[in-house]
Every structure is written in structure tokens, then in C-alpha cells.
Amino acid sequence: MSQYWSKLVHGLTPYVPGEQPKLQKLIKLNTNENPYPPSPKVLEAIADVTSADLRLYPDPGSDRLRDVIAAYYDVTPQQVFVGNSSDEVLAHTFQALLKHDQPLLFPDITYSFYPVYCGLYGIDYQTVALDAQFQINVDDYQQANGAIIFPNPNAPTGCVLALEQIEQLLQQHPASVVVVDEAYVDFGAKTAISLVHRYPNLLVVQTLSKSRSLAGLRVGLAVGHADLIEGLNRVKNSFNSYPLDRLASAGAIAAFEDQTYFEHTCKAVIDTRNTLTHGLQALGFEVLPSSANFVFTRHPAYDAATLAQGLREQQIIVRHFRLPRIEQFLRISVGTDAECAALLDGLAQLLGT
Ligand SMILES: *Cc1c(COP(=O)(O)O)cnc(C)c1O
């Protein structure tokens, strides 16, 4: 606390990211990073632009990257926005598109950054409970709202909402912006980007942090009607004209151009997720159906916090949220096959089986 803080800062409750331990040789399954390195072509592209040109500002509009993303998703560059991480894209979205007289709606169990942005930007919000199976039920959103946001697949459950349901939501709320945060979409869900042509109120947000192994590069994007993108650009150009540096743009372009590597690593993660799910079930865990690069799981007989602590003592870290309805769950990122085998061994020890 400081007398020099603004009133806004006194009232903030910041997001707490998963731990990034300084110690090496931990098995790190707590922040949904990809266990595989980025494409070698990404590293080459970054090396190629690591030159004296770094004295120059980058392109403020990131035009080449936006062209590549537009071609990839079959939209126009005017329908594409990019930013320094999807967290930044989301922050601009909250400020530009989600602050209205009626409350913003999002699930009670979801990405815990959403209420933080509401606090930062003074946005009134209302949570909508997931059903007993931890699924989003679109009919529960039939109430007064200024906008709606949810991740698909949802975090931290990993559960997916079908495109037909998303379309129904868009039809039910033509006056509200509906944001679909697709941080995990490449691990087994369908992107809603194909719907942006028919629904001017849809904004789809994605990140290169998970499925493209680039959490350290900080690149996120949004696709939607050109009017929504213009709203985002108004905020971006009132905040930071150059959110993407030269290295990030070059790396992101190369990532979208190496489709073979992308498909290969996504498939490896999905295969390991299935093995991990079966291994957990064999130990008596209940595992929610996941379309993401993590699983959300609980054991009927063992306390989640105790298990997380026991794993930590074995140098394995997973995420445990002390939040209502989910305090008995662990969120476990899908690592390599070897990391997941070590996790299952560790849990088997803790369960004494
Ligand atoms: C990881 C994550 C993000 C943030 O991704 P960055 O681009 O690394 O900021 C956004 N939304 C959800 C739901 C996530 O899980």
C-alpha cells in the first residue's frame, strides 16, 4: 500500500499466473505450455531478423503477419487484429467491446483473468453457472447483458461447446458482442472463425502460446467483423503503437507457415492426453472430457491440495485452484509421454497403489 497509488490501483485484485520456477529439472505441468519446442523454421526466422535493423521500429500494423493469418483463415486482413499475447488482445477487447451499461456475462468457472480485466476497466459483470457436468448451457445466458465471453474449450475444465451452440448464442444475442477465447482450440475443438462472415457480433481470440509452442514470444490475435477490429485498433493505438516487435512478427509468420510441424505436435499432445486420461482413470480419478492440452481431474477419496503438495515434493508441479466448486480438482498440463508417465507414477505412490 502506498499513499502515492491511485484509487484505481488500491482497488485492483491482479491475476496470479502459474508459477515459473527458477529451479531446473522440475516436471512442469502447471501452465499449459507446449512440451515441444517451436518449429525450427520459427527459430530460423527469428535469427534471420536478429540484425542491425532492430534499431528500427517494427511495422505498427504488423501487416505481413495479418496477411498471413488472413490467408490462413480465409478472411480479409481488415478482419484480423494482432497483439503482444492474447492476454493483451483480451485486455483491449474488454475495454473496446465489452464495457456497456448491462453486465458482461461469463461462466462461473472460467479463465480467472476475466474478472481481473473487469476490475481494471470498471466493467460490471455477472457469472453464469456451468451445469452439473461443468458444461456451458447457452440457454442460461438468456438474460440482460451487454456482452458475453467464454473460452472454447473452456479453461480450466477443457470442455468444448459445439459450434451449433455458439451459433445459437450469436442468434439469441444479436445486440451483444460474443467473444470466443480459443486459446486451446487446436487441440481438438472447431474454430468459430467460419462464423464471422455471418455474425458481425462475433470476435474470436487465439494465441500462439499453446498450440504453436510460443508462450515466450507473446503473440495473440483476434478475428471478427472489420468494425470490431477497428474498435480494437482504436484502443491499441491509444496504448502502444508497436505491440509486436520484429522478432515476434517474424516468428509468428513462420509458425503459421509450418503447417506440417504444427499438425504433428498437436497430434502428439492429443495422443498423450488420451494416454494420460486413461492412466488417471485407472488410478480412480474422474477426468472431465478434454479438448485442450490439459486435463481437469479429481479423485473421490484424496484431497486435491494434498495431492498437489505431494507431487511438488516429487518435483512435479500441477495447478490447483482454491475456488468454489473446483477446489477438489487438479489441472494437469499434457507434457511429453515421459513427463506424464512420471506424473502417473508419482500419483500412484501418493495413493499407495
Ligand atoms: C493461456 C490463455 C490465454 C493467454 O494466452 P497468452 O497469449 O499467452 O497471453 C488466454 N486465454 C485463455 C483461456 C488461456 O488459457
# chains A, B, ... in the order shown; residues from 1 in each chain; ligands from 1

call {"tool": "residues_around", "arguments": {"residues": "A:Val196", "least_positions_apart": "5", "cutoff": "12 Å", "atoms": "only C-alpha atoms", "output": "VMD selection string"}}
result
chain A and resid 73 to 76 79 to 80 166 to 167 170 177 to 180 191 201 to 205 222 to 229

call {"tool": "write_last_selection", "arguments": {"atoms": "N, CA and C atoms", "output": "CSV table (one decimal), in the first residue's frame"}}
result
chain,number,residue,atom,x,y,z
A,73,TYR,N,-6.9,-18.2,-42.4
A,73,TYR,CA,-8.3,-18.4,-42.0
A,73,TYR,C,-9.3,-18.0,-43.0
A,74,ASP,N,-8.9,-17.6,-44.2
A,74,ASP,CA,-9.8,-17.2,-45.3
A,74,ASP,C,-10.7,-16.0,-44.9
A,75,VAL,N,-10.0,-15.0,-44.3
A,75,VAL,CA,-10.7,-13.7,-44.0
A,75,VAL,C,-9.9,-12.6,-44.6
A,76,THR,N,-10.3,-11.4,-44.5
A,76,THR,CA,-9.5,-10.3,-45.0
A,76,THR,C,-8.6,-9.7,-43.9
A,79,GLN,N,-10.1,-7.9,-41.1
A,79,GLN,CA,-10.8,-8.7,-40.1
A,79,GLN,C,-9.8,-9.3,-39.0
A,80,VAL,N,-8.6,-8.9,-39.1
A,80,VAL,CA,-7.5,-9.5,-38.2
A,80,VAL,C,-6.9,-8.5,-37.4
A,166,ILE,N,-22.7,-22.3,-30.2
A,166,ILE,CA,-22.2,-21.0,-30.3
A,166,ILE,C,-23.0,-20.1,-31.3
A,167,GLU,N,-23.4,-20.8,-32.4
A,167,GLU,CA,-24.3,-20.1,-33.4
A,167,GLU,C,-25.6,-19.7,-32.7
A,170,LEU,N,-25.1,-16.7,-30.7
A,170,LEU,CA,-25.0,-15.5,-31.5
A,170,LEU,C,-26.3,-15.0,-32.0
A,177,VAL,N,-21.8,-8.2,-28.2
A,177,VAL,CA,-20.6,-8.8,-28.8
A,177,VAL,C,-20.4,-10.2,-28.0
A,178,VAL,N,-20.1,-11.2,-28.8
A,178,VAL,CA,-19.8,-12.5,-28.2
A,178,VAL,C,-18.4,-12.9,-28.5
A,179,VAL,N,-17.6,-13.0,-27.4
A,179,VAL,CA,-16.1,-13.3,-27.6
A,179,VAL,C,-15.9,-14.7,-27.3
A,180,VAL,N,-15.3,-15.5,-28.3
A,180,VAL,CA,-14.9,-16.9,-28.0
A,180,VAL,C,-13.4,-16.9,-27.9
A,191,THR,N,-12.7,-24.3,-34.6
A,191,THR,CA,-12.7,-22.8,-34.5
A,191,THR,C,-14.1,-22.2,-35.0
A,201,ASN,N,-21.3,-9.7,-34.7
A,201,ASN,CA,-21.1,-9.5,-33.3
A,201,ASN,C,-20.1,-10.6,-32.7
A,202,LEU,N,-19.5,-11.4,-33.6
A,202,LEU,CA,-18.6,-12.4,-33.1
A,202,LEU,C,-17.1,-12.0,-33.2
A,203,LEU,N,-16.4,-12.1,-32.1
A,203,LEU,CA,-15.0,-11.9,-32.1
A,203,LEU,C,-14.3,-13.2,-31.6
A,204,VAL,N,-13.4,-13.8,-32.3
A,204,VAL,CA,-12.7,-15.0,-32.0
A,204,VAL,C,-11.2,-14.6,-31.6
A,205,VAL,N,-10.8,-15.0,-30.4
A,205,VAL,CA,-9.4,-14.6,-30.0
A,205,VAL,C,-8.6,-15.9,-29.9
A,222,ALA,N,-7.0,-11.7,-32.9
A,222,ALA,CA,-8.4,-11.7,-32.9
A,222,ALA,C,-8.9,-11.6,-34.4
A,223,VAL,N,-10.0,-12.3,-34.6
A,223,VAL,CA,-10.7,-12.3,-35.9
A,223,VAL,C,-12.1,-12.0,-35.7
A,224,GLY,N,-12.6,-11.0,-36.5
A,224,GLY,CA,-14.0,-10.6,-36.4
A,224,GLY,C,-14.4,-9.6,-37.5
A,225,HIS,N,-15.6,-9.1,-37.5
A,225,HIS,CA,-16.0,-8.1,-38.4
A,225,HIS,C,-15.1,-6.9,-38.3
A,226,ALA,N,-14.8,-6.3,-39.5
A,226,ALA,CA,-13.9,-5.2,-39.6
A,226,ALA,C,-14.2,-4.0,-38.6
A,227,ASP,N,-15.5,-3.9,-38.3
A,227,ASP,CA,-15.9,-2.8,-37.3
A,227,ASP,C,-15.4,-3.1,-35.9
A,228,LEU,N,-15.5,-4.4,-35.5
A,228,LEU,CA,-14.9,-4.8,-34.2
A,228,LEU,C,-13.4,-4.6,-34.2
A,229,ILE,N,-12.8,-5.0,-35.3
A,229,ILE,CA,-11.3,-4.9,-35.4
A,229,ILE,C,-10.9,-3.4,-35.3

call {"tool": "select_by_dssp", "arguments": {"residues": "stretch 193-312 of chain A", "states": "helix (DSSP H, G or I)", "output": "PyMOL selection string"}}
result
chain A and resi 193-197+226-236+246-257+259-282+304-312

call {"tool": "closest_residue", "arguments": {"among": "A:Lys236, A:Lys267, A:His320, A:Arg212", "to": "A:Lys41", "atoms": "only C-alpha atoms"}}
result
A:Arg212

call {"tool": "closest_atom_pairs", "arguments": {"of": "chain A", "to": "ligand 1", "cutoff": "10 Å", "atoms": "only C-alpha atoms and all ligand atoms", "output": "JSON lines"}}
result
{"residue": "A:Pro17", "atom": "CA", "partner": "ligand 1", "partner_atom_place_in_ligand_line": "1 (C)", "distance": 9.6}
{"residue": "A:Thr31", "atom": "CA", "partner": "ligand 1", "partner_atom_place_in_ligand_line": "1 (C)", "distance": 7.7}
{"residue": "A:Asn32", "atom": "CA", "partner": "ligand 1", "partner_atom_place_in_ligand_line": "1 (C)", "distance": 7.1}
{"residue": "A:Glu33", "atom": "CA", "partner": "ligand 1", "partner_atom_place_in_ligand_line": "1 (C)", "distance": 8.2}
{"residue": "A:Gly83", "atom": "CA", "partner": "ligand 1", "partner_atom_place_in_ligand_line": "7 (O)", "distance": 8.7}
{"residue": "A:Asn84", "atom": "CA", "partner": "ligand 1", "partner_atom_place_in_ligand_line": "7 (O)", "distance": 7.6}
{"residue": "A:Ser85", "atom": "CA", "partner": "ligand 1", "partner_atom_place_in_ligand_line": "7 (O)", "distance": 3.7}
{"residue": "A:Ser86", "atom": "CA", "partner": "ligand 1", "partner_atom_place_in_ligand_line": "7 (O)", "distance": 3.5}
{"residue": "A:Asp87", "atom": "CA", "partner": "ligand 1", "partner_atom_place_in_ligand_line": "9 (O)", "distance": 3.8}
{"residue": "A:Glu88", "atom": "CA", "partner": "ligand 1", "partner_atom_place_in_ligand_line": "9 (O)", "distance": 6.6}
{"residue": "A:Val89", "atom": "CA", "partner": "ligand 1", "partner_atom_place_in_ligand_line": "9 (O)", "distance": 8.1}
{"residue": "A:Leu90", "atom": "CA", "partner": "ligand 1", "partner_atom_place_in_ligand_line": "10 (C)", "distance": 7.5}
{"residue": "A:Ala91", "atom": "CA", "partner": "ligand 1", "partner_atom_place_in_ligand_line": "9 (O)", "distance": 9.9}
{"residue": "A:Thr110", "atom": "CA", "partner": "ligand 1", "partner_atom_place_in_ligand_line": "13 (C)", "distance": 7.5}
{"residue": "A:Tyr111", "atom": "CA", "partner": "ligand 1", "partner_atom_place_in_ligand_line": "13 (C)", "distance": 5.1}
{"residue": "A:Ser112", "atom": "CA", "partner": "ligand 1", "partner_atom_place_in_ligand_line": "13 (C)", "distance": 8.4}
{"residue": "A:Phe113", "atom": "CA", "partner": "ligand 1", "partner_atom_place_in_ligand_line": "11 (N)", "distance": 7.9}
{"residue": "A:Tyr114", "atom": "CA", "partner": "ligand 1", "partner_atom_place_in_ligand_line": "11 (N)", "distance": 9.0}
{"residue": "A:Phe150", "atom": "CA", "partner": "ligand 1", "partner_atom_place_in_ligand_line": "13 (C)", "distance": 8.0}
{"residue": "A:Pro151", "atom": "CA", "partner": "ligand 1", "partner_atom_place_in_ligand_line": "13 (C)", "distance": 5.3}
{"residue": "A:Asn152", "atom": "CA", "partner": "ligand 1", "partner_atom_place_in_ligand_line": "13 (C)", "distance": 7.8}
{"residue": "A:Pro153", "atom": "CA", "partner": "ligand 1", "partner_atom_place_in_ligand_line": "13 (C)", "distance": 8.1}
{"residue": "A:Asn154", "atom": "CA", "partner": "ligand 1", "partner_atom_place_in_ligand_line": "13 (C)", "distance": 6.8}
{"residue": "A:Ala155", "atom": "CA", "partner": "ligand 1", "partner_atom_place_in_ligand_line": "13 (C)", "distance": 5.4}
{"residue": "A:Pro156", "atom": "CA", "partner": "ligand 1", "partner_atom_place_in_ligand_line": "15 (O)", "distance": 7.5}
{"residue": "A:Gly158", "atom": "CA", "partner": "ligand 1", "partner_atom_place_in_ligand_line": "13 (C)", "distance": 9.7}
{"residue": "A:Val180", "atom": "CA", "partner": "ligand 1", "partner_atom_place_in_ligand_line": "13 (C)", "distance": 9.4}
{"residue": "A:Asp181", "atom": "CA", "partner": "ligand 1", "partner_atom_place_in_ligand_line": "11 (N)", "distance": 5.9}
{"residue": "A:Glu182", "atom": "CA", "partner": "ligand 1", "partner_atom_place_in_ligand_line": "13 (C)", "distance": 6.9}
{"residue": "A:Ala183", "atom": "CA", "partner": "ligand 1", "partner_atom_place_in_ligand_line": "12 (C)", "distance": 5.0}
{"residue": "A:Tyr184", "atom": "CA", "partner": "ligand 1", "partner_atom_place_in_ligand_line": "15 (O)", "distance": 7.0}
{"residue": "A:Val185", "atom": "CA", "partner": "ligand 1", "partner_atom_place_in_ligand_line": "13 (C)", "distance": 9.9}
{"residue": "A:Val205", "atom": "CA", "partner": "ligand 1", "partner_atom_place_in_ligand_line": "11 (N)", "distance": 8.2}
{"residue": "A:Gln206", "atom": "CA", "partner": "ligand 1", "partner_atom_place_in_ligand_line": "7 (O)", "distance": 7.2}
{"residue": "A:Thr207", "atom": "CA", "partner": "ligand 1", "partner_atom_place_in_ligand_line": "7 (O)", "distance": 4.4}
{"residue": "A:Leu208", "atom": "CA", "partner": "ligand 1", "partner_atom_place_in_ligand_line": "7 (O)", "distance": 6.3}
{"residue": "A:Ser209", "atom": "CA", "partner": "ligand 1", "partner_atom_place_in_ligand_line": "8 (O)", "distance": 4.8}
{"residue": "A:Lys210", "atom": "CA", "partner": "ligand 1", "partner_atom_place_in_ligand_line": "1 (C)", "distance": 6.9}
{"residue": "A:Leu214", "atom": "CA", "partner": "ligand 1", "partner_atom_place_in_ligand_line": "8 (O)", "distance": 8.1}
{"residue": "A:Ala215", "atom": "CA", "partner": "ligand 1", "partner_atom_place_in_ligand_line": "8 (O)", "distance": 5.3}
{"residue": "A:Gly216", "atom": "CA", "partner": "ligand 1", "partner_atom_place_in_ligand_line": "8 (O)", "distance": 8.0}
{"residue": "A:Leu217", "atom": "CA", "partner": "ligand 1", "partner_atom_place_in_ligand_line": "8 (O)", "distance": 8.6}
{"residue": "A:Arg218", "atom": "CA", "partner": "ligand 1", "partner_atom_place_in_ligand_line": "7 (O)", "distance": 5.8}
{"residue": "A:Val219", "atom": "CA", "partner": "ligand 1", "partner_atom_place_in_ligand_line": "7 (O)", "distance": 5.8}
{"residue": "A:Gly220", "atom": "CA", "partner": "ligand 1", "partner_atom_place_in_ligand_line": "7 (O)", "distance": 5.0}
{"residue": "A:Leu221", "atom": "CA", "partner": "ligand 1", "partner_atom_place_in_ligand_line": "7 (O)", "distance": 8.3}
{"residue": "A:Ala292", "atom": "CA", "partner": "ligand 1", "partner_atom_place_in_ligand_line": "15 (O)", "distance": 9.5}
{"residue": "A:Asn293", "atom": "CA", "partner": "ligand 1", "partner_atom_place_in_ligand_line": "15 (O)", "distance": 9.8}

call {"tool": "atom_distance", "arguments": {"atom1": "atom CA of A:Glu44", "atom2": "atom CA of A:Glu263"}}
result
19.2 Å

call {"tool": "select_by_dssp", "arguments": {"residues": "stretch 203-259 of chain A", "states": "strand (DSSP E)", "output": "PyMOL selection string"}}
result
chain A and resi 203-207+220-224

call {"tool": "write_last_selection", "arguments": {"atoms": "all heavy atoms", "output": "PDB file, in the first residue's frame"}}
result
ATOM      1  N   LEU A 203     -16.417 -12.145 -32.058  1.00  0.00           N
ATOM      2  CA  LEU A 203     -14.965 -11.949 -32.072  1.00  0.00           C
ATOM      3  C   LEU A 203     -14.307 -13.225 -31.552  1.00  0.00           C
ATOM      4  O   LEU A 203     -14.644 -13.715 -30.477  1.00  0.00           O
ATOM      5  CB  LEU A 203     -14.550 -10.765 -31.182  1.00  0.00           C
ATOM      6  CG  LEU A 203     -13.062 -10.404 -31.334  1.00  0.00           C
ATOM      7  CD1 LEU A 203     -12.838  -9.584 -32.607  1.00  0.00           C
ATOM      8  CD2 LEU A 203     -12.550  -9.627 -30.126  1.00  0.00           C
ATOM      9  N   VAL A 204     -13.379 -13.771 -32.340  1.00  0.00           N
ATOM     10  CA  VAL A 204     -12.650 -14.976 -31.951  1.00  0.00           C
ATOM     11  C   VAL A 204     -11.217 -14.572 -31.594  1.00  0.00           C
ATOM     12  O   VAL A 204     -10.562 -13.877 -32.370  1.00  0.00           O
ATOM     13  CB  VAL A 204     -12.639 -16.007 -33.099  1.00  0.00           C
ATOM     14  CG1 VAL A 204     -11.818 -17.234 -32.713  1.00  0.00           C
ATOM     15  CG2 VAL A 204     -14.071 -16.407 -33.471  1.00  0.00           C
ATOM     16  N   VAL A 205     -10.761 -14.986 -30.430  1.00  0.00           N
ATOM     17  CA  VAL A 205      -9.411 -14.642 -29.961  1.00  0.00           C
ATOM     18  C   VAL A 205      -8.579 -15.920 -29.886  1.00  0.00           C
ATOM     19  O   VAL A 205      -9.062 -16.954 -29.426  1.00  0.00           O
ATOM     20  CB  VAL A 205      -9.474 -13.954 -28.575  1.00  0.00           C
ATOM     21  CG1 VAL A 205      -8.069 -13.672 -28.042  1.00  0.00           C
ATOM     22  CG2 VAL A 205     -10.284 -12.666 -28.656  1.00  0.00           C
ATOM     23  N   GLN A 206      -7.350 -15.855 -30.390  1.00  0.00           N
ATOM     24  CA  GLN A 206      -6.454 -17.020 -30.317  1.00  0.00           C
ATOM     25  C   GLN A 206      -5.069 -16.579 -29.845  1.00  0.00           C
ATOM     26  O   GLN A 206      -4.754 -15.399 -29.809  1.00  0.00           O
ATOM     27  CB  GLN A 206      -6.327 -17.702 -31.693  1.00  0.00           C
ATOM     28  CG  GLN A 206      -7.628 -18.341 -32.173  1.00  0.00           C
ATOM     29  CD  GLN A 206      -7.433 -19.210 -33.399  1.00  0.00           C
ATOM     30  OE1 GLN A 206      -6.347 -19.239 -33.982  1.00  0.00           O
ATOM     31  NE2 GLN A 206      -8.480 -19.911 -33.800  1.00  0.00           N
ATOM     32  N   THR A 207      -4.253 -17.568 -29.500  1.00  0.00           N
ATOM     33  CA  THR A 207      -2.884 -17.303 -29.054  1.00  0.00           C
ATOM     34  C   THR A 207      -1.917 -18.269 -29.721  1.00  0.00           C
ATOM     35  O   THR A 207      -2.305 -19.388 -30.086  1.00  0.00           O
ATOM     36  CB  THR A 207      -2.772 -17.454 -27.532  1.00  0.00           C
ATOM     37  OG1 THR A 207      -1.399 -17.281 -27.145  1.00  0.00           O
ATOM     38  CG2 THR A 207      -3.237 -18.827 -27.037  1.00  0.00           C
ATOM     39  N   GLY A 220      -0.698 -12.898 -29.834  1.00  0.00           N
ATOM     40  CA  GLY A 220      -2.108 -13.273 -29.836  1.00  0.00           C
ATOM     41  C   GLY A 220      -2.807 -12.591 -30.990  1.00  0.00           C
ATOM     42  O   GLY A 220      -2.257 -11.676 -31.626  1.00  0.00           O
ATOM     43  N   LEU A 221      -4.023 -13.038 -31.292  1.00  0.00           N
ATOM     44  CA  LEU A 221      -4.749 -12.466 -32.426  1.00  0.00           C
ATOM     45  C   LEU A 221      -6.256 -12.507 -32.180  1.00  0.00           C
ATOM     46  O   LEU A 221      -6.731 -13.256 -31.311  1.00  0.00           O
ATOM     47  CB  LEU A 221      -4.408 -13.231 -33.703  1.00  0.00           C
ATOM     48  CG  LEU A 221      -4.791 -14.714 -33.731  1.00  0.00           C
ATOM     49  CD1 LEU A 221      -6.036 -14.931 -34.590  1.00  0.00           C
ATOM     50  CD2 LEU A 221      -3.632 -15.541 -34.294  1.00  0.00           C
ATOM     51  N   ALA A 222      -6.952 -11.683 -32.947  1.00  0.00           N
ATOM     52  CA  ALA A 222      -8.411 -11.729 -32.921  1.00  0.00           C
ATOM     53  C   ALA A 222      -8.906 -11.648 -34.352  1.00  0.00           C
ATOM     54  O   ALA A 222      -8.286 -10.991 -35.201  1.00  0.00           O
ATOM     55  CB  ALA A 222      -8.979 -10.570 -32.110  1.00  0.00           C
ATOM     56  N   VAL A 223     -10.022 -12.344 -34.633  1.00  0.00           N
ATOM     57  CA  VAL A 223     -10.657 -12.298 -35.949  1.00  0.00           C
ATOM     58  C   VAL A 223     -12.132 -11.971 -35.742  1.00  0.00           C
ATOM     59  O   VAL A 223     -12.793 -12.564 -34.881  1.00  0.00           O
ATOM     60  CB  VAL A 223     -10.508 -13.647 -36.696  1.00  0.00           C
ATOM     61  CG1 VAL A 223     -11.192 -13.590 -38.058  1.00  0.00           C
ATOM     62  CG2 VAL A 223      -9.036 -14.023 -36.860  1.00  0.00           C
ATOM     63  N   GLY A 224     -12.621 -11.022 -36.516  1.00  0.00           N
ATOM     64  CA  GLY A 224     -14.029 -10.646 -36.420  1.00  0.00           C
ATOM     65  C   GLY A 224     -14.369  -9.644 -37.499  1.00  0.00           C
ATOM     66  O   GLY A 224     -13.530  -9.328 -38.369  1.00  0.00           O
TER      67      GLY A 224
END

call {"tool": "atom_distance", "arguments": {"atom1": "atom CA of A:Leu280", "atom2": "atom CA of A:Leu344"}}
result
7.0 Å

call {"tool": "residues_around", "arguments": {"residues": "A:Ala254", "least_positions_apart": "3", "cutoff": "10 Å", "atoms": "only C-alpha atoms", "output": "JSON, numbers by chain"}}
result
{"A": [38, 39, 40, 41, 42, 43, 44, 45, 46, 65, 68, 248, 249, 250, 251, 257, 258, 259]}

call {"tool": "closest_residue", "arguments": {"among": "A:Arg319, A:Arg66, A:Arg331, A:Lys99", "to": "A:Ser176", "atoms": "only C-alpha atoms"}}
result
A:Lys99

call {"tool": "closest_residue", "arguments": {"among": "A:Tyr121, A:Tyr36, A:Tyr72, A:Phe296", "to": "A:Ala96", "atoms": "only C-alpha atoms"}}
result
A:Tyr121

call {"tool": "closest_residue", "arguments": {"among": "A:Ala304, A:Ala147, A:Val235, A:Leu120", "to": "A:His10", "atoms": "only C-alpha atoms"}}
result
A:Leu120

call {"tool": "atom_distance", "arguments": {"atom1": "atom CA of A:Leu347", "atom2": "atom CA of A:Ala132"}}
result
26.3 Å

call {"tool": "closest_residue", "arguments": {"among": "A:Asp186, A:Asp271, A:Glu313, A:Glu164", "to": "A:Gln349", "atoms": "only C-alpha atoms"}}
result
A:Glu313

call {"tool": "residues_around", "arguments": {"residues": "A:Thr13", "least_positions_apart": "3", "cutoff": "10 Å", "atoms": "only C-alpha atoms", "output": "VMD selection string"}}
result
chain A and resid 9 to 10 16 115 to 117 119 to 120

call {"tool": "decode", "arguments": {"residues": "stretch 169-237 of chain A", "atoms": "C-alpha atoms", "output": "mmCIF file, in the first residue's frame"}}
result
data_model
loop_
_atom_site.group_PDB
_atom_site.id
_atom_site.type_symbol
_atom_site.label_atom_id
_atom_site.label_comp_id
_atom_site.auth_asym_id
_atom_site.auth_seq_id
_atom_site.Cartn_x
_atom_site.Cartn_y
_atom_site.Cartn_z
ATOM 1 C CA LEU A 169 -25.903 -17.928 -28.727
ATOM 2 C CA LEU A 170 -24.971 -15.474 -31.511
ATOM 3 C CA GLN A 171 -28.534 -15.575 -32.822
ATOM 4 C CA GLN A 172 -30.019 -15.091 -29.364
ATOM 5 C CA HIS A 173 -27.854 -12.012 -28.672
ATOM 6 C CA PRO A 174 -27.551 -10.006 -31.907
ATOM 7 C CA ALA A 175 -27.034 -6.777 -29.952
ATOM 8 C CA SER A 176 -24.180 -8.159 -27.827
ATOM 9 C CA VAL A 177 -20.587 -8.842 -28.754
ATOM 10 C CA VAL A 178 -19.844 -12.531 -28.163
ATOM 11 C CA VAL A 179 -16.144 -13.283 -27.635
ATOM 12 C CA VAL A 180 -14.887 -16.850 -28.036
ATOM 13 C CA ASP A 181 -11.431 -17.221 -26.477
ATOM 14 C CA GLU A 182 -9.897 -20.103 -28.443
ATOM 15 C CA ALA A 183 -6.588 -20.458 -26.575
ATOM 16 C CA TYR A 184 -6.887 -24.279 -26.774
ATOM 17 C CA VAL A 185 -8.960 -24.765 -29.919
ATOM 18 C CA ASP A 186 -6.230 -26.537 -31.916
ATOM 19 C CA PHE A 187 -6.171 -29.491 -29.510
ATOM 20 C CA GLY A 188 -9.471 -30.929 -30.648
ATOM 21 C CA ALA A 189 -12.201 -28.293 -30.955
ATOM 22 C CA LYS A 190 -13.507 -26.463 -34.032
ATOM 23 C CA THR A 191 -12.746 -22.796 -34.508
ATOM 24 C CA ALA A 192 -15.706 -20.396 -34.726
ATOM 25 C CA ILE A 193 -13.850 -18.212 -37.253
ATOM 26 C CA SER A 194 -16.018 -19.571 -40.095
ATOM 27 C CA LEU A 195 -18.989 -17.841 -38.387
ATOM 28 C CA VAL A 196 -17.524 -14.310 -38.518
ATOM 29 C CA HIS A 197 -18.824 -13.876 -42.076
ATOM 30 C CA ARG A 198 -22.408 -14.253 -40.887
ATOM 31 C CA TYR A 199 -22.262 -12.768 -37.380
ATOM 32 C CA PRO A 200 -20.934 -9.210 -37.091
ATOM 33 C CA ASN A 201 -21.103 -9.544 -33.277
ATOM 34 C CA LEU A 202 -18.600 -12.430 -33.076
ATOM 35 C CA LEU A 203 -14.965 -11.949 -32.072
ATOM 36 C CA VAL A 204 -12.650 -14.976 -31.951
ATOM 37 C CA VAL A 205 -9.411 -14.642 -29.961
ATOM 38 C CA GLN A 206 -6.454 -17.020 -30.317
ATOM 39 C CA THR A 207 -2.884 -17.303 -29.054
ATOM 40 C CA LEU A 208 0.357 -18.773 -30.360
ATOM 41 C CA SER A 209 1.347 -19.635 -26.774
ATOM 42 C CA LYS A 210 -0.139 -23.108 -26.559
ATOM 43 C CA SER A 211 -0.595 -24.980 -29.835
ATOM 44 C CA ARG A 212 2.327 -23.238 -31.544
ATOM 45 C CA SER A 213 4.756 -23.571 -28.618
ATOM 46 C CA LEU A 214 5.428 -19.827 -28.433
ATOM 47 C CA ALA A 215 4.398 -18.753 -24.929
ATOM 48 C CA GLY A 216 7.745 -16.964 -24.650
ATOM 49 C CA LEU A 217 7.227 -14.894 -27.812
ATOM 50 C CA ARG A 218 3.900 -13.325 -26.743
ATOM 51 C CA VAL A 219 1.685 -13.255 -29.832
ATOM 52 C CA GLY A 220 -2.108 -13.273 -29.836
ATOM 53 C CA LEU A 221 -4.749 -12.466 -32.426
ATOM 54 C CA ALA A 222 -8.411 -11.729 -32.921
ATOM 55 C CA VAL A 223 -10.657 -12.298 -35.949
ATOM 56 C CA GLY A 224 -14.029 -10.646 -36.420
ATOM 57 C CA HIS A 225 -16.020 -8.093 -38.409
ATOM 58 C CA ALA A 226 -13.869 -5.164 -39.591
ATOM 59 C CA ASP A 227 -15.877 -2.809 -37.330
ATOM 60 C CA LEU A 228 -14.943 -4.811 -34.223
ATOM 61 C CA ILE A 229 -11.297 -4.861 -35.362
ATOM 62 C CA GLU A 230 -11.394 -1.097 -35.872
ATOM 63 C CA GLY A 231 -12.632 -0.724 -32.286
ATOM 64 C CA LEU A 232 -9.666 -2.770 -31.076
ATOM 65 C CA ASN A 233 -7.279 -0.697 -33.199
ATOM 66 C CA ARG A 234 -8.604 2.500 -31.632
ATOM 67 C CA VAL A 235 -7.655 1.192 -28.186
ATOM 68 C CA LYS A 236 -4.347 -0.299 -29.354
ATOM 69 C CA ASN A 237 -3.333 2.974 -30.991
#
